[in-house]
>>> print(open('final.txt').read())   # compact mmCIF, C-alpha atoms and all ligand atoms
# COMPACT_ATOMS: atom_id res chain seq x y z
CA MET V 1 -16.98 -5.62 -6.09
CA LEU V 2 -16.01 -3.31 -3.27
CA ARG V 3 -14.19 -4.96 -0.39
CA PRO V 4 -13.99 -3.54 3.13
CA ILE V 5 -10.61 -1.94 3.91
CA LEU V 6 -9.09 -3.27 7.13
CA ARG V 7 -7.80 -0.80 9.68
CA LEU V 8 -4.69 -0.70 11.84
CA GLY V 9 -5.19 -3.26 14.59
CA ASP V 10 -6.45 -6.00 12.26
CA SER V 11 -4.12 -9.00 12.49
CA ILE V 12 -3.91 -9.51 8.70
CA LEU V 13 -2.17 -6.12 8.38
CA SER V 14 0.56 -7.33 10.72
CA GLU V 15 1.38 -10.62 9.02
CA PRO V 16 3.80 -10.80 6.06
CA ALA V 17 2.04 -11.48 2.74
CA ARG V 18 2.86 -14.62 0.71
CA PRO V 19 4.10 -14.55 -2.90
CA VAL V 20 1.58 -15.42 -5.63
CA ASP V 21 2.54 -18.69 -7.41
CA VAL V 22 -0.21 -18.96 -10.01
CA ILE V 23 -2.46 -16.18 -11.29
CA THR V 24 -5.83 -17.89 -10.96
CA PRO V 25 -9.21 -16.37 -11.96
CA GLU V 26 -9.70 -15.64 -8.23
CA ILE V 27 -6.54 -13.52 -8.26
CA GLY V 28 -7.92 -11.68 -11.30
CA THR V 29 -11.14 -10.95 -9.41
CA LEU V 30 -9.16 -9.85 -6.36
CA ILE V 31 -7.17 -7.38 -8.52
CA ASP V 32 -10.37 -5.98 -10.10
CA ASP V 33 -11.88 -5.57 -6.62
CA MET V 34 -8.73 -3.89 -5.30
CA ILE V 35 -8.81 -1.35 -8.15
CA GLU V 36 -12.52 -0.65 -7.61
CA THR V 37 -12.03 -0.35 -3.85
CA MET V 38 -9.03 2.00 -4.29
CA TYR V 39 -11.00 4.29 -6.63
CA ALA V 40 -14.07 4.30 -4.38
CA ALA V 41 -12.08 5.16 -1.23
CA PRO V 42 -10.66 7.27 -2.99
CA GLY V 43 -6.97 6.45 -2.75
CA ILE V 44 -3.85 6.29 -4.89
CA GLY V 45 -2.70 2.85 -3.77
CA LEU V 46 -3.86 -0.36 -2.13
CA ALA V 47 -2.20 -3.61 -1.09
CA ALA V 48 -4.01 -6.97 -0.93
CA PRO V 49 -3.60 -7.37 2.88
CA GLN V 50 -5.66 -4.18 3.28
CA VAL V 51 -8.67 -6.06 1.89
CA GLY V 52 -7.90 -9.11 4.02
CA VAL V 53 -5.84 -11.20 1.57
CA ALA V 54 -2.24 -11.85 2.65
CA LEU V 55 -0.79 -12.04 -0.88
CA ARG V 56 1.93 -9.93 -2.47
CA ILE V 57 -0.19 -7.79 -4.80
CA LEU V 58 -0.41 -3.99 -5.03
CA VAL V 59 -2.32 -1.53 -7.16
CA ILE V 60 -1.35 2.13 -7.61
CA ASP V 61 -2.97 4.91 -9.63
CA LEU V 62 -1.81 8.44 -8.91
CA SER V 63 -4.61 9.75 -11.17
CA VAL V 64 -7.30 7.85 -9.16
CA GLY V 65 -8.87 6.53 -12.38
CA ARG V 66 -8.63 9.63 -14.56
CA ASP V 67 -5.71 8.39 -16.68
CA PRO V 68 -5.76 4.71 -17.80
CA GLN V 69 -1.96 4.87 -18.33
CA ALA V 70 -1.46 5.68 -14.65
CA LEU V 71 -2.77 2.35 -13.31
CA HIS V 72 -0.09 -0.04 -12.07
CA VAL V 73 -0.89 -3.59 -10.97
CA MET V 74 2.09 -5.47 -9.60
CA ILE V 75 2.34 -9.01 -8.26
CA ASN V 76 5.34 -10.12 -6.15
CA PRO V 77 7.09 -6.72 -6.31
CA GLU V 78 10.80 -6.52 -5.48
CA PHE V 79 13.02 -3.46 -5.29
CA LEU V 80 15.86 -3.37 -7.80
CA GLU V 81 16.96 0.16 -6.89
CA ARG V 82 16.20 2.66 -4.15
CA GLU V 83 17.97 5.99 -3.87
CA GLY V 84 17.75 9.44 -2.37
CA MET V 85 15.33 10.62 0.29
CA GLN V 86 12.12 12.66 0.39
CA LEU V 87 10.13 13.91 3.35
CA GLU V 88 6.41 14.42 2.68
CA GLU V 89 3.08 14.17 4.44
CA GLU V 90 1.57 10.71 4.02
CA GLY V 91 -1.60 8.87 4.95
CA CYS V 92 -3.08 5.39 4.54
CA LEU V 93 -6.56 4.01 3.84
CA SER V 94 -6.01 1.64 6.79
CA VAL V 95 -5.26 4.56 9.12
CA PRO V 96 -8.06 6.99 8.13
CA GLY V 97 -7.92 10.50 9.55
CA PHE V 98 -4.20 10.47 10.32
CA THR V 99 -1.22 11.77 8.38
CA ALA V 100 2.43 12.25 9.21
CA THR V 101 5.69 13.21 7.54
CA VAL V 102 7.45 10.03 6.46
CA ALA V 103 10.96 9.64 5.05
CA ARG V 104 10.89 7.68 1.77
CA PRO V 105 13.31 7.06 -1.10
CA LYS V 106 13.25 9.72 -3.82
CA ARG V 107 13.54 7.20 -6.64
CA VAL V 108 12.84 3.46 -6.88
CA VAL V 109 12.84 0.74 -9.51
CA VAL V 110 10.53 -2.18 -8.75
CA LYS V 111 10.33 -5.48 -10.60
CA GLY V 112 7.31 -7.78 -10.54
CA MET V 113 4.57 -9.38 -12.63
CA ASN V 114 1.54 -7.83 -14.26
CA ARG V 115 -1.84 -9.58 -14.07
CA HIS V 116 -0.95 -11.70 -17.12
CA GLY V 117 2.14 -13.09 -15.41
CA GLU V 118 4.58 -11.05 -17.49
CA THR V 119 7.61 -9.62 -15.70
CA TYR V 120 8.03 -5.87 -15.92
CA THR V 121 9.58 -2.99 -14.01
CA ILE V 122 8.25 0.34 -12.78
CA GLU V 123 10.57 3.28 -12.31
CA GLY V 124 9.12 5.89 -9.98
CA THR V 125 10.27 9.20 -8.55
CA ASP V 126 8.69 11.46 -5.94
CA LEU V 127 5.03 10.51 -5.29
CA LEU V 128 5.19 7.29 -7.33
CA ALA V 129 8.35 6.21 -5.45
CA ARG V 130 6.58 7.03 -2.18
CA ALA V 131 3.47 5.05 -3.15
CA LEU V 132 5.51 2.02 -4.27
CA GLN V 133 7.48 1.98 -1.01
CA HIS V 134 4.27 2.46 1.03
CA GLU V 135 2.45 -0.44 -0.68
CA VAL V 136 5.44 -2.82 -0.59
CA ASP V 137 5.70 -1.98 3.13
CA HIS V 138 2.12 -3.26 3.53
CA LEU V 139 3.22 -6.59 2.03
CA ASN V 140 5.92 -6.74 4.72
CA SER V 141 3.38 -5.93 7.47
CA CYS V 142 4.73 -2.41 7.93
CA LEU V 143 2.35 0.57 8.15
CA PHE V 144 3.47 4.19 7.75
CA VAL V 145 3.13 4.69 11.51
CA ASP V 146 5.81 2.00 11.98
CA ARG V 147 8.17 4.28 10.01
CA LEU V 148 7.67 7.17 12.44
CA ARG V 149 9.86 8.06 15.36
CA GLY V 150 8.66 7.36 18.92
CA ILE V 151 6.60 10.40 19.88
CA SER V 152 4.57 10.93 16.70
CA ARG V 153 3.96 7.18 16.44
CA ASP V 154 2.83 6.92 20.07
CA LEU V 155 0.53 9.93 19.66
CA ILE V 156 -1.28 8.39 16.68
CA LEU V 157 -1.53 4.96 18.32
CA ARG V 158 -2.87 6.51 21.53
CA LYS V 159 -5.58 8.41 19.61
CA ILE V 160 -6.53 5.24 17.72
CA ARG V 161 -6.79 3.28 20.98
CA LYS V 162 -9.14 5.99 22.31
CA LEU V 163 -11.27 5.81 19.14
CA ALA V 164 -11.35 2.01 19.39
CA LYS V 165 -12.48 2.20 23.02
CA ALA V 166 -15.28 4.56 21.98
CA GLY V 167 -16.28 2.12 19.21
CA LYS V 168 -15.29 4.63 16.51
CA TRP V 169 -12.45 2.69 14.87
ZN ZN V 201 -1.49 2.19 3.25
>>> encode(input="final.txt", output="structure tokens")
Amino acid sequence: MLRPILRLGDSILSEPARPVDVITPEIGTLIDDMIETMYAAPGIGLAAPQVGVALRILVIDLSVGRDPQALHVMINPEFLEREGMQLEEEGCLSVPGFTATVARPKRVVVKGMNRHGETYTIEGTDLLARALQHEVDHLNSCLFVDRLRGISRDLILRKIRKLAKAGKW
């Protein structure tokens, strides 16, 4: 089932997500819905708070559904390693219509659980490292605009406030 994607300004996006203790059938449904919603958007990553659930779950698929091997589902992700730096243009399904250059680690190793409760790690470089950092940021109530320096952040927030005033956000 598709779930609506919350936008910047929604309070759930600015509260830290809680760890998942038990993977219930409801969590399984949530994960299925997150994958479907990510593909429909279309996007390469989604975090549970973006669909209104403040739990530490992310889904990433750089192939947007074309390659079954490319789908990552991770519960309670934690960074084991982060190194280097990359500067690339980035956007977010919760901030539609806006992109900015964001500094991210070049390589990360993340540890967490899959949907069956088994611990595993993902090693990512470049775009995968960027996506992992972006989605874990969501779990810590941080959007990509929060990673920007003053002026570019203020510019985006000002435009969003204008859109919101006009009822277009
Ligand atoms: Zn995002």
>>> closest_atom_pairs(input="final.txt", of="chain V", to="ligand ZN 201 (chain V)", cutoff="10 Å", atoms="all atoms listed in the file", output="JSON lines")
{"residue": "V:Arg7", "atom": "CA", "partner": "V:ZN201", "partner_atom": "ZN", "distance": 9.5}
{"residue": "V:Leu8", "atom": "CA", "partner": "V:ZN201", "partner_atom": "ZN", "distance": 9.6}
{"residue": "V:Leu13", "atom": "CA", "partner": "V:ZN201", "partner_atom": "ZN", "distance": 9.8}
{"residue": "V:Gly43", "atom": "CA", "partner": "V:ZN201", "partner_atom": "ZN", "distance": 9.2}
{"residue": "V:Ile44", "atom": "CA", "partner": "V:ZN201", "partner_atom": "ZN", "distance": 9.4}
{"residue": "V:Gly45", "atom": "CA", "partner": "V:ZN201", "partner_atom": "ZN", "distance": 7.2}
{"residue": "V:Leu46", "atom": "CA", "partner": "V:ZN201", "partner_atom": "ZN", "distance": 6.4}
{"residue": "V:Ala47", "atom": "CA", "partner": "V:ZN201", "partner_atom": "ZN", "distance": 7.3}
{"residue": "V:Pro49", "atom": "CA", "partner": "V:ZN201", "partner_atom": "ZN", "distance": 9.8}
{"residue": "V:Gln50", "atom": "CA", "partner": "V:ZN201", "partner_atom": "ZN", "distance": 7.6}
{"residue": "V:Glu90", "atom": "CA", "partner": "V:ZN201", "partner_atom": "ZN", "distance": 9.1}
{"residue": "V:Gly91", "atom": "CA", "partner": "V:ZN201", "partner_atom": "ZN", "distance": 6.9}
{"residue": "V:Cys92", "atom": "CA", "partner": "V:ZN201", "partner_atom": "ZN", "distance": 3.8}
{"residue": "V:Leu93", "atom": "CA", "partner": "V:ZN201", "partner_atom": "ZN", "distance": 5.4}
{"residue": "V:Ser94", "atom": "CA", "partner": "V:ZN201", "partner_atom": "ZN", "distance": 5.8}
{"residue": "V:Val95", "atom": "CA", "partner": "V:ZN201", "partner_atom": "ZN", "distance": 7.4}
{"residue": "V:Pro96", "atom": "CA", "partner": "V:ZN201", "partner_atom": "ZN", "distance": 9.5}
{"residue": "V:Ala131", "atom": "CA", "partner": "V:ZN201", "partner_atom": "ZN", "distance": 8.6}
{"residue": "V:Gln133", "atom": "CA", "partner": "V:ZN201", "partner_atom": "ZN", "distance": 9.9}
{"residue": "V:His134", "atom": "CA", "partner": "V:ZN201", "partner_atom": "ZN", "distance": 6.2}
{"residue": "V:Glu135", "atom": "CA", "partner": "V:ZN201", "partner_atom": "ZN", "distance": 6.2}
{"residue": "V:Val136", "atom": "CA", "partner": "V:ZN201", "partner_atom": "ZN", "distance": 9.4}
{"residue": "V:Asp137", "atom": "CA", "partner": "V:ZN201", "partner_atom": "ZN", "distance": 8.3}
{"residue": "V:His138", "atom": "CA", "partner": "V:ZN201", "partner_atom": "ZN", "distance": 6.5}
{"residue": "V:Cys142", "atom": "CA", "partner": "V:ZN201", "partner_atom": "ZN", "distance": 9.0}
{"residue": "V:Leu143", "atom": "CA", "partner": "V:ZN201", "partner_atom": "ZN", "distance": 6.4}
{"residue": "V:Phe144", "atom": "CA", "partner": "V:ZN201", "partner_atom": "ZN", "distance": 7.0}
{"residue": "V:Val145", "atom": "CA", "partner": "V:ZN201", "partner_atom": "ZN", "distance": 9.8}
>>> closest_residue(input="final.txt", among="V:Leu157, V:Ser141, V:Leu127, V:Arg3", to="Glu15 (chain V)", atoms="all atoms listed in the file")
V:Ser141
>>> closest_residue(input="final.txt", among="V:Arg130, V:Arg115, V:Gly97, V:Ser152", to="Thr24 (chain V)", atoms="only C-alpha atoms")
V:Arg115
>>> atom_distance(input="final.txt", atom1="CA of Glu36 (chain V)", atom2="CA of Thr119 (chain V)")
23.5 Å
>>> closest_residue(input="final.txt", among="V:Glu123, V:Asp61, V:Glu88, V:Asp154", to="Thr37 (chain V)", atoms="all atoms listed in the file")
V:Asp61
>>> residues_around(input="final.txt", residues="Phe79 (chain V)", least_positions_apart="2", cutoff="8 Å", atoms="all atoms listed in the file", output="tab-separated table (two decimals) with C-alpha atoms, in the coordinates of the input")
chain	number	residue	atom	x	y	z
V	77	PRO	CA	7.09	-6.72	-6.31
V	81	GLU	CA	16.96	0.16	-6.89
V	82	ARG	CA	16.20	2.66	-4.15
V	108	VAL	CA	12.84	3.46	-6.88
V	109	VAL	CA	12.84	0.74	-9.51
V	110	VAL	CA	10.53	-2.18	-8.75
V	111	LYS	CA	10.33	-5.48	-10.60
>>> atom_distance(input="final.txt", atom1="CA of Gly112 (chain V)", atom2="CA of Glu78 (chain V)")
6.3 Å
>>> closest_residue(input="final.txt", among="V:Ala164, V:Leu148, V:Leu128, V:Leu155", to="Leu62 (chain V)", atoms="all atoms listed in the file")
V:Leu128
>>> closest_residue(input="final.txt", among="V:Ile57, V:Leu2, V:Ala100, V:Leu30", to="Ile151 (chain V)", atoms="only C-alpha atoms")
V:Ala100
>>> closest_residue(input="final.txt", among="V:Leu139, V:Ile156, V:Ala129, V:Ala41", to="Gly84 (chain V)", atoms="only C-alpha atoms")
V:Ala129
>>> residues_around(input="final.txt", residues="His116 (chain V)", least_positions_apart="2", cutoff="12 Å", atoms="all atoms listed in the file", output="tab-separated table (two decimals) with C-alpha atoms, in the coordinates of the input")
chain	number	residue	atom	x	y	z
V	22	VAL	CA	-0.21	-18.96	-10.01
V	23	ILE	CA	-2.46	-16.18	-11.29
V	24	THR	CA	-5.83	-17.89	-10.96
V	25	PRO	CA	-9.21	-16.37	-11.96
V	27	ILE	CA	-6.54	-13.52	-8.26
V	28	GLY	CA	-7.92	-11.68	-11.30
V	31	ILE	CA	-7.17	-7.38	-8.52
V	73	VAL	CA	-0.89	-3.59	-10.97
V	74	MET	CA	2.09	-5.47	-9.60
V	75	ILE	CA	2.34	-9.01	-8.26
V	112	GLY	CA	7.31	-7.78	-10.54
V	113	MET	CA	4.57	-9.38	-12.63
V	114	ASN	CA	1.54	-7.83	-14.26
V	118	GLU	CA	4.58	-11.05	-17.49
V	119	THR	CA	7.61	-9.62	-15.70
V	120	TYR	CA	8.03	-5.87	-15.92
>>> atom_distance(input="final.txt", atom1="CA of Ile5 (chain V)", atom2="CA of Asn76 (chain V)")
20.6 Å
